[in-house]
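Reading through the C-alpha coordinates given below for one structure.
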Amino acid sequence: MNFGGIAPAFTVYKKATFVVIPVPYDLTSTYQSGSRRGPGAILEASGNMELYDEELRKETYRYGIHTLPPLESDARGPAEMVDSVRRTISRVATDGKIPVMLGGEHSISFGAVQAMKEIYPEITVLQLDAHADLRDAYQGTPYSHASVARRITGICPLIQAGIRSLSIEEAEFMEGDSVRSHSADFILDGGAWWETICGDLHGDLYLTVDLDVLDPAVMPSTGTPEPGGLAWRDLLRLVREAAKRCRIRGFDVVELAPIPGVVAPDFLAAKLVYRIMGYLTEKP
(Lines give C-alpha, C1' and ligand atoms only; values in the text may rest on other atoms or scores of the structure.)
Protein backbone atom coordinates (compact mmCIF):
# COMPACT_ATOMS: atom_id res chain seq x y z
CA MET A 1 0.00 0.00 0.00
CA ASN A 2 1.58 3.30 -1.05
CA PHE A 3 0.49 6.83 -0.21
CA GLY A 4 -2.06 8.05 -2.73
CA GLY A 5 -2.32 4.71 -4.49
CA ILE A 6 -0.14 6.22 -7.18
CA ALA A 7 1.34 4.50 -10.21
CA PRO A 8 4.69 2.71 -9.69
CA ALA A 9 6.54 5.17 -11.92
CA PHE A 10 6.02 7.89 -9.28
CA THR A 11 7.02 5.76 -6.28
CA VAL A 12 10.66 5.01 -7.18
CA TYR A 13 12.84 5.88 -4.17
CA LYS A 14 15.72 7.39 -6.12
CA LYS A 15 13.42 9.82 -7.93
CA ALA A 16 11.05 10.61 -5.06
CA THR A 17 10.91 14.03 -3.42
CA PHE A 18 8.98 12.65 -0.44
CA VAL A 19 9.43 9.44 1.54
CA VAL A 20 6.49 8.42 3.73
CA ILE A 21 7.41 6.57 6.93
CA PRO A 22 4.48 4.91 8.74
CA VAL A 23 5.15 4.44 12.48
CA PRO A 24 2.28 2.46 14.10
CA TYR A 25 3.26 3.01 17.73
CA ASP A 26 1.27 4.10 20.79
CA LEU A 27 2.93 2.52 23.83
CA THR A 28 2.82 5.66 26.02
CA SER A 29 -0.73 6.74 25.12
CA THR A 30 -2.56 7.59 28.34
CA TYR A 31 -6.23 8.28 27.56
CA GLN A 32 -7.51 6.52 24.44
CA SER A 33 -5.04 4.29 22.66
CA GLY A 34 -5.40 3.40 19.00
CA SER A 35 -3.03 5.78 17.20
CA ARG A 36 -1.01 2.72 16.19
CA ARG A 37 -3.77 2.22 13.62
CA GLY A 38 -3.41 5.77 12.35
CA PRO A 39 -0.75 5.25 9.66
CA GLY A 40 -2.68 2.41 8.04
CA ALA A 41 -5.90 4.44 8.06
CA ILE A 42 -4.16 7.43 6.47
CA LEU A 43 -2.64 5.27 3.75
CA GLU A 44 -5.97 3.61 3.01
CA ALA A 45 -7.80 6.94 2.88
CA SER A 46 -5.11 8.46 0.65
CA GLY A 47 -5.92 5.90 -2.02
CA ASN A 48 -9.35 7.49 -2.34
CA MET A 49 -8.17 11.10 -2.85
CA GLU A 50 -8.29 12.95 -6.13
CA LEU A 51 -4.61 13.50 -6.91
CA TYR A 52 -5.28 16.87 -8.52
CA ASP A 53 -5.01 19.49 -5.77
CA GLU A 54 -7.83 21.97 -6.27
CA GLU A 55 -6.17 24.69 -4.17
CA LEU A 56 -2.72 24.46 -5.73
CA ARG A 57 -3.93 23.44 -9.19
CA LYS A 58 -1.37 20.71 -9.69
CA GLU A 59 -0.79 16.99 -9.24
CA THR A 60 1.69 16.90 -6.38
CA TYR A 61 2.32 13.15 -6.69
CA ARG A 62 4.32 13.84 -9.87
CA TYR A 63 7.16 15.05 -7.64
CA GLY A 64 7.49 11.44 -6.48
CA ILE A 65 6.23 9.83 -3.26
CA HIS A 66 7.86 6.66 -1.97
CA THR A 67 6.25 4.79 0.93
CA LEU A 68 8.38 2.67 3.25
CA PRO A 69 7.03 -0.40 5.04
CA PRO A 70 5.71 0.39 8.55
CA LEU A 71 8.50 0.82 11.08
CA GLU A 72 8.48 -2.10 13.49
CA SER A 73 7.70 -1.19 17.10
CA ASP A 74 10.52 -1.65 19.61
CA ALA A 75 9.10 -3.46 22.64
CA ARG A 76 12.02 -2.51 24.87
CA GLY A 77 10.51 0.91 25.54
CA PRO A 78 9.91 4.44 24.23
CA ALA A 79 13.58 5.51 24.36
CA GLU A 80 14.51 2.67 22.01
CA MET A 81 11.58 3.46 19.73
CA VAL A 82 12.60 7.10 19.51
CA ASP A 83 16.09 5.99 18.52
CA SER A 84 14.70 3.65 15.87
CA VAL A 85 12.79 6.58 14.39
CA ARG A 86 15.92 8.74 14.51
CA ARG A 87 17.94 6.21 12.54
CA THR A 88 15.24 5.73 9.91
CA ILE A 89 14.61 9.45 9.40
CA SER A 90 18.35 10.09 9.26
CA ARG A 91 18.80 7.64 6.39
CA VAL A 92 15.96 9.21 4.44
CA ALA A 93 17.05 12.81 5.00
CA THR A 94 20.70 12.02 4.26
CA ASP A 95 19.54 10.79 0.86
CA GLY A 96 18.17 14.26 0.17
CA LYS A 97 14.51 13.26 0.59
CA ILE A 98 11.81 15.04 2.56
CA PRO A 99 10.72 12.60 5.29
CA VAL A 100 6.97 12.47 5.96
CA MET A 101 6.25 10.50 9.13
CA LEU A 102 2.77 9.17 9.87
CA GLY A 103 1.99 8.42 13.51
CA GLY A 104 1.36 6.86 15.83
CA GLU A 105 1.65 8.81 19.05
CA HIS A 106 3.52 12.08 19.36
CA SER A 107 6.52 10.69 21.27
CA ILE A 108 8.03 9.50 17.98
CA SER A 109 8.50 13.08 16.75
CA PHE A 110 11.52 13.57 19.00
CA GLY A 111 13.42 10.93 17.07
CA ALA A 112 12.63 12.71 13.83
CA VAL A 113 13.78 16.05 15.24
CA GLN A 114 17.02 14.50 16.49
CA ALA A 115 17.74 13.21 12.99
CA MET A 116 16.97 16.52 11.33
CA LYS A 117 19.09 18.42 13.86
CA GLU A 118 22.10 16.28 12.94
CA ILE A 119 21.70 17.20 9.27
CA TYR A 120 20.39 20.78 9.64
CA PRO A 121 22.07 22.21 12.77
CA GLU A 122 20.09 25.48 12.73
CA ILE A 123 16.67 23.86 12.45
CA THR A 124 13.60 25.15 14.29
CA VAL A 125 10.51 23.11 15.14
CA LEU A 126 6.94 24.31 14.66
CA GLN A 127 4.53 22.24 16.78
CA LEU A 128 0.80 22.43 16.04
CA ASP A 129 -0.98 20.82 18.97
CA ALA A 130 -3.74 21.11 21.56
CA HIS A 131 -1.34 20.08 24.32
CA ALA A 132 1.88 21.70 25.44
CA ASP A 133 3.68 18.33 25.83
CA LEU A 134 6.25 20.07 28.05
CA ARG A 135 6.30 17.78 31.09
CA ASP A 136 9.84 16.76 31.97
CA ALA A 137 8.59 13.18 32.32
CA TYR A 138 5.25 11.43 32.53
CA GLN A 139 4.36 8.05 33.99
CA GLY A 140 8.00 7.29 34.59
CA THR A 141 9.49 8.11 31.20
CA PRO A 142 10.96 11.32 29.71
CA TYR A 143 10.04 9.93 26.27
CA SER A 144 6.27 10.06 26.76
CA HIS A 145 3.93 11.68 24.29
CA ALA A 146 3.38 14.25 27.07
CA SER A 147 7.10 15.13 27.12
CA VAL A 148 7.99 15.32 23.44
CA ALA A 149 8.08 19.13 23.28
CA ARG A 150 10.22 19.32 26.43
CA ARG A 151 12.78 17.02 24.81
CA ILE A 152 12.74 19.13 21.64
CA THR A 153 13.48 22.33 23.58
CA GLY A 154 16.70 20.68 24.76
CA ILE A 155 18.13 20.54 21.25
CA CYS A 156 16.57 23.33 19.15
CA PRO A 157 14.16 26.29 19.17
CA LEU A 158 10.47 25.43 19.45
CA ILE A 159 7.38 27.41 18.44
CA GLN A 160 3.93 26.11 19.41
CA ALA A 161 0.49 27.02 18.11
CA GLY A 162 -3.01 25.86 19.00
CA ILE A 163 -2.20 25.07 22.65
CA ARG A 164 -5.17 24.85 25.01
CA SER A 165 -4.28 22.19 27.57
CA LEU A 166 -1.32 22.14 29.97
CA SER A 167 -0.29 21.46 33.56
CA ILE A 168 1.05 23.95 36.10
CA GLU A 169 4.51 22.47 35.55
CA GLU A 170 4.25 23.24 31.85
CA ALA A 171 2.86 26.73 32.42
CA GLU A 172 5.85 27.55 34.64
CA PHE A 173 8.28 26.16 32.06
CA MET A 174 6.72 28.39 29.41
CA GLU A 175 7.75 31.44 31.42
CA GLY A 176 11.35 30.80 30.39
CA ASP A 177 12.95 31.38 27.01
CA SER A 178 12.93 27.81 25.71
CA VAL A 179 9.62 27.96 23.85
CA ARG A 180 7.27 30.44 22.20
CA SER A 181 3.71 29.23 22.64
CA HIS A 182 0.53 30.57 21.08
CA SER A 183 -2.89 29.49 22.29
CA ALA A 184 -5.79 28.37 20.14
CA ASP A 185 -7.76 31.37 21.42
CA PHE A 186 -5.10 33.68 19.99
CA ILE A 187 -5.75 32.21 16.56
CA LEU A 188 -9.53 32.02 16.87
CA ASP A 189 -9.80 35.64 18.02
CA GLY A 190 -8.95 36.74 14.47
CA GLY A 191 -6.59 39.38 13.16
CA ALA A 192 -3.32 38.65 11.41
CA TRP A 193 -2.39 35.90 13.86
CA TRP A 194 -0.30 34.03 11.29
CA GLU A 195 2.02 37.02 11.03
CA THR A 196 2.77 36.84 14.75
CA ILE A 197 3.30 33.08 14.80
CA CYS A 198 5.41 32.95 11.64
CA GLY A 199 7.01 36.38 11.93
CA ASP A 200 10.36 35.12 13.16
CA LEU A 201 10.43 31.92 11.13
CA HIS A 202 13.25 31.57 8.64
CA GLY A 203 15.74 29.01 7.44
CA ASP A 204 15.28 25.30 8.10
CA LEU A 205 12.09 24.10 9.79
CA TYR A 206 10.63 20.79 10.95
CA LEU A 207 6.84 20.72 11.21
CA THR A 208 5.02 18.40 13.62
CA VAL A 209 1.22 18.29 13.47
CA ASP A 210 -0.71 16.61 16.27
CA LEU A 211 -4.19 16.27 14.79
CA ASP A 212 -5.82 17.27 18.08
CA VAL A 213 -4.81 20.83 17.22
CA LEU A 214 -8.06 20.76 15.25
CA ASP A 215 -11.41 21.15 16.95
CA PRO A 216 -12.97 17.77 17.86
CA ALA A 217 -15.98 18.70 15.73
CA VAL A 218 -13.60 18.54 12.76
CA MET A 219 -11.23 15.85 14.07
CA PRO A 220 -12.88 13.53 16.63
CA SER A 221 -10.44 10.66 16.03
CA THR A 222 -7.71 11.50 18.52
CA GLY A 223 -6.65 9.94 21.79
CA THR A 224 -6.89 13.18 23.77
CA PRO A 225 -9.46 15.53 22.19
CA GLU A 226 -9.72 19.10 23.46
CA PRO A 227 -12.58 21.55 22.69
CA GLY A 228 -11.89 24.93 21.17
CA GLY A 229 -9.47 23.92 18.44
CA LEU A 230 -8.58 25.20 15.00
CA ALA A 231 -10.65 24.85 11.86
CA TRP A 232 -9.35 23.19 8.70
CA ARG A 233 -8.76 26.54 6.96
CA ASP A 234 -6.89 27.94 9.98
CA LEU A 235 -4.52 24.99 9.95
CA LEU A 236 -3.86 25.29 6.22
CA ARG A 237 -3.31 29.03 6.48
CA LEU A 238 -0.67 28.54 9.15
CA VAL A 239 1.16 25.74 7.36
CA ARG A 240 1.18 27.53 4.02
CA GLU A 241 2.54 30.71 5.62
CA ALA A 242 5.30 28.73 7.33
CA ALA A 243 6.18 27.03 4.05
CA LYS A 244 6.50 30.41 2.32
CA ARG A 245 8.94 31.70 4.93
CA CYS A 246 11.02 28.59 5.62
CA ARG A 247 12.54 25.51 4.09
CA ILE A 248 10.47 22.76 5.65
CA ARG A 249 12.92 19.86 5.66
CA GLY A 250 10.47 17.28 6.95
CA PHE A 251 7.16 16.92 8.71
CA ASP A 252 4.92 14.53 10.57
CA VAL A 253 1.20 14.09 11.14
CA VAL A 254 0.50 12.14 14.32
CA GLU A 255 -2.13 11.02 16.83
CA LEU A 256 -4.88 9.85 14.48
CA ALA A 257 -6.81 7.20 16.46
CA PRO A 258 -9.32 5.89 13.90
CA ILE A 259 -12.94 5.34 14.89
CA PRO A 260 -14.36 2.23 13.19
CA GLY A 261 -16.89 3.19 10.54
CA VAL A 262 -16.02 6.92 10.67
CA VAL A 263 -13.69 7.60 7.76
CA ALA A 264 -13.93 11.39 7.42
CA PRO A 265 -11.12 12.07 9.95
CA ASP A 266 -8.88 9.53 8.21
CA PHE A 267 -9.50 11.24 4.90
CA LEU A 268 -8.82 14.65 6.44
CA ALA A 269 -5.45 13.43 7.70
CA ALA A 270 -4.52 12.02 4.29
CA LYS A 271 -5.59 15.21 2.53
CA LEU A 272 -3.58 17.27 5.01
CA VAL A 273 -0.44 15.25 4.32
CA TYR A 274 -0.92 15.65 0.56
CA ARG A 275 -1.65 19.37 0.85
CA ILE A 276 1.50 19.96 2.91
CA MET A 277 3.49 18.11 0.24
CA GLY A 278 1.94 20.51 -2.25
CA TYR A 279 2.96 23.56 -0.24
CA LEU A 280 6.52 22.27 -0.04
CA THR A 281 6.74 22.00 -3.83
CA GLU A 282 5.34 25.45 -4.61
CA LYS A 283 7.71 27.67 -6.53
CA PRO A 284 8.75 30.90 -4.75
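If you're wondering about the labels, chains in the C-alpha coordinates are A, B, ... by order shown, residues count from 1 in each chain, ligands from 1 in order shown.
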
### Contacts of range 137-142 of chain A at 12 Å (only C-alpha atoms; same-chain gap of 5+ positions) as a PyMOL selection string
chain A and resi 27-30+77-80+82+107+110+147-152+167+169-170

Take the residues from that selection and write them out as an mmCIF file, in the first residue's frame, keeping N, CA and C atoms.
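Done, and the output landed in selection.cif:
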```cif
data_model
loop_
_atom_site.group_PDB
_atom_site.id
_atom_site.type_symbol
_atom_site.label_atom_id
_atom_site.label_comp_id
_atom_site.auth_asym_id
_atom_site.auth_seq_id
_atom_site.Cartn_x
_atom_site.Cartn_y
_atom_site.Cartn_z
ATOM 1 N N LEU A 27 2.668 3.153 22.533
ATOM 2 C CA LEU A 27 2.928 2.521 23.826
ATOM 3 C C LEU A 27 2.675 3.447 25.005
ATOM 4 N N THR A 28 2.972 4.761 24.872
ATOM 5 C CA THR A 28 2.824 5.658 26.023
ATOM 6 C C THR A 28 1.496 6.411 26.033
ATOM 7 N N SER A 29 0.578 6.070 25.129
ATOM 8 C CA SER A 29 -0.731 6.740 25.122
ATOM 9 C C SER A 29 -1.411 6.557 26.471
ATOM 10 N N THR A 30 -2.070 7.624 26.960
ATOM 11 C CA THR A 30 -2.560 7.592 28.338
ATOM 12 C C THR A 30 -4.067 7.781 28.489
ATOM 13 N N GLY A 77 10.956 -0.300 24.882
ATOM 14 C CA GLY A 77 10.506 0.915 25.537
ATOM 15 C C GLY A 77 10.556 2.121 24.625
ATOM 16 N N PRO A 78 10.000 3.260 25.077
ATOM 17 C CA PRO A 78 9.908 4.443 24.232
ATOM 18 C C PRO A 78 11.254 5.046 23.855
ATOM 19 N N ALA A 79 12.267 4.957 24.706
ATOM 20 C CA ALA A 79 13.576 5.507 24.358
ATOM 21 C C ALA A 79 14.148 4.783 23.148
ATOM 22 N N GLU A 80 14.012 3.452 23.139
ATOM 23 C CA GLU A 80 14.514 2.673 22.014
ATOM 24 C C GLU A 80 13.708 2.942 20.747
ATOM 25 N N VAL A 82 12.166 5.787 19.985
ATOM 26 C CA VAL A 82 12.600 7.102 19.509
ATOM 27 C C VAL A 82 13.903 6.976 18.725
ATOM 28 N N SER A 107 5.160 10.909 20.738
ATOM 29 C CA SER A 107 6.515 10.690 21.268
ATOM 30 C C SER A 107 7.534 10.444 20.160
ATOM 31 N N PHE A 110 10.201 13.180 18.501
ATOM 32 C CA PHE A 110 11.517 13.572 19.000
ATOM 33 C C PHE A 110 12.621 12.870 18.223
ATOM 34 N N SER A 147 5.797 14.488 26.875
ATOM 35 C CA SER A 147 7.096 15.127 27.119
ATOM 36 C C SER A 147 7.853 15.460 25.834
ATOM 37 N N VAL A 148 7.246 15.190 24.695
ATOM 38 C CA VAL A 148 7.991 15.318 23.443
ATOM 39 C C VAL A 148 8.473 16.742 23.210
ATOM 40 N N ALA A 149 7.657 17.747 23.504
ATOM 41 C CA ALA A 149 8.076 19.132 23.275
ATOM 42 C C ALA A 149 9.200 19.531 24.233
ATOM 43 N N ARG A 150 9.157 19.023 25.457
ATOM 44 C CA ARG A 150 10.217 19.323 26.429
ATOM 45 C C ARG A 150 11.558 18.793 25.927
ATOM 46 N N ARG A 151 11.545 17.588 25.352
ATOM 47 C CA ARG A 151 12.777 17.018 24.806
ATOM 48 C C ARG A 151 13.268 17.862 23.629
ATOM 49 N N ILE A 152 12.347 18.326 22.813
ATOM 50 C CA ILE A 152 12.739 19.125 21.643
ATOM 51 C C ILE A 152 13.399 20.424 22.081
ATOM 52 N N SER A 167 -0.369 21.567 32.106
ATOM 53 C CA SER A 167 -0.288 21.456 33.563
ATOM 54 C C SER A 167 0.391 22.702 34.130
ATOM 55 N N GLU A 169 3.086 22.651 35.842
ATOM 56 C CA GLU A 169 4.512 22.473 35.551
ATOM 57 C C GLU A 169 4.855 23.040 34.170
ATOM 58 N N GLU A 170 4.004 22.762 33.216
ATOM 59 C CA GLU A 170 4.255 23.237 31.851
ATOM 60 C C GLU A 170 4.080 24.751 31.753
#
```

### Task
Run DSSP on the backbone and give me the residues of range 22-163 of chain A it puts in helix (DSSP H, G or I), as a PyMOL selection string.
chain A and resi 35-46+60-63+78-94+106-119+148-153

### Task
Determine the nearest neighbour of Met277 in chain A from the options A:Ala192, A:Ala16, A:Leu128, A:Ala45, counting only C-alpha atoms.
A:Ala16

### Query
In Å, with one decimal, what is the gap from CA of Gly4 in chain A to CA of Ser46 in chain A?
4.6 Å

### Task
Pick out the closest residue to Ala132 in chain A from this set: A:Tyr61, A:Phe18, A:Phe3, A:Phe173. Count only C-alpha atoms.
A:Phe173

### Task
Could you please determine the separation between CA of Asp177 in chain A and CA of Val85 in chain A in Å, to one decimal place?
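It comes out at 27.8 Å.
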
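Distance annotation: of A:Gly5, A:Gly250, A:Gly154, A:Pro265, the residue with the minimal separation from Leu214 in chain A is A:Pro265; atom set is only C-alpha atoms.
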
### Query
Within 12 Å of range 32-36 of chain A, counting only C-alpha atoms, which residues qualify if same-chain residues fewer than 6 places away don't, as a ChimeraX atom specification?
/A:22-26,42,70-73,102-108,145,210-212,220-225,253-260,266

### Task
Find the residue from A:Ile98, A:Ala130, A:Val213, A:Val239 that sits nearest to Arg275 in chain A; use only C-alpha atoms when measuring.
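Smallest separation from Arg275 in chain A among the options: A:Val239.
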
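Close contacts of Ala112 in chain A, defined as residues with an atom at most 10 Å away when counting only C-alpha atoms, with chain neighbours fewer than 4 positions off set aside, comprise A:Val82, A:Asp83, A:Ser84, A:Val85, A:Arg86, A:Arg87, A:Thr88, A:Ile89, A:Ser90, A:Ala93, A:Pro99, A:Val100, A:Met101, A:Ser107, A:Ile108, A:Met116, A:Lys117, A:Tyr206, A:Thr208, A:Gly250, A:Phe251, A:Asp252.
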
### Query
In Å, how far is it from CA of Val179 in chain A to CA of Val209 in chain A?
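Between CA of Val179 in chain A and CA of Val209 in chain A the gap is 16.5 Å.
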
### Task
Name the residues in contact with Glu44 in chain A at a cut-off of 10 Å, using only C-alpha atoms, excluding same-chain residues fewer than 4 positions from it; report them as a list of chain:residue names.
A:Met1, A:Asn2, A:Phe3, A:Gly4, A:Gly5, A:Gly38, A:Pro39, A:Gly40, A:Asn48, A:Met49, A:Val263, A:Asp266, A:Phe267, A:Ala270

#### Entry: Nearest residue to Ile123 in chain A from the set A:Ala9, A:Cys246, A:Leu280, A:Ala184 (distances using only C-alpha atoms)
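Result for the nearest residue to Ile123 in chain A: A:Cys246.
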
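Between Asp133 in chain A and the residues A:Val12, A:Leu166, A:Ile6, A:Ile21, the shortest atom-to-atom distance, using only C-alpha atoms, involves A:Leu166.
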
### Query
Which parts of range 171-208 of chain A does DSSP call strand (DSSP E or B) when run on the backbone here, written out as a PyMOL selection string?
chain A and resi 179-183+204-208
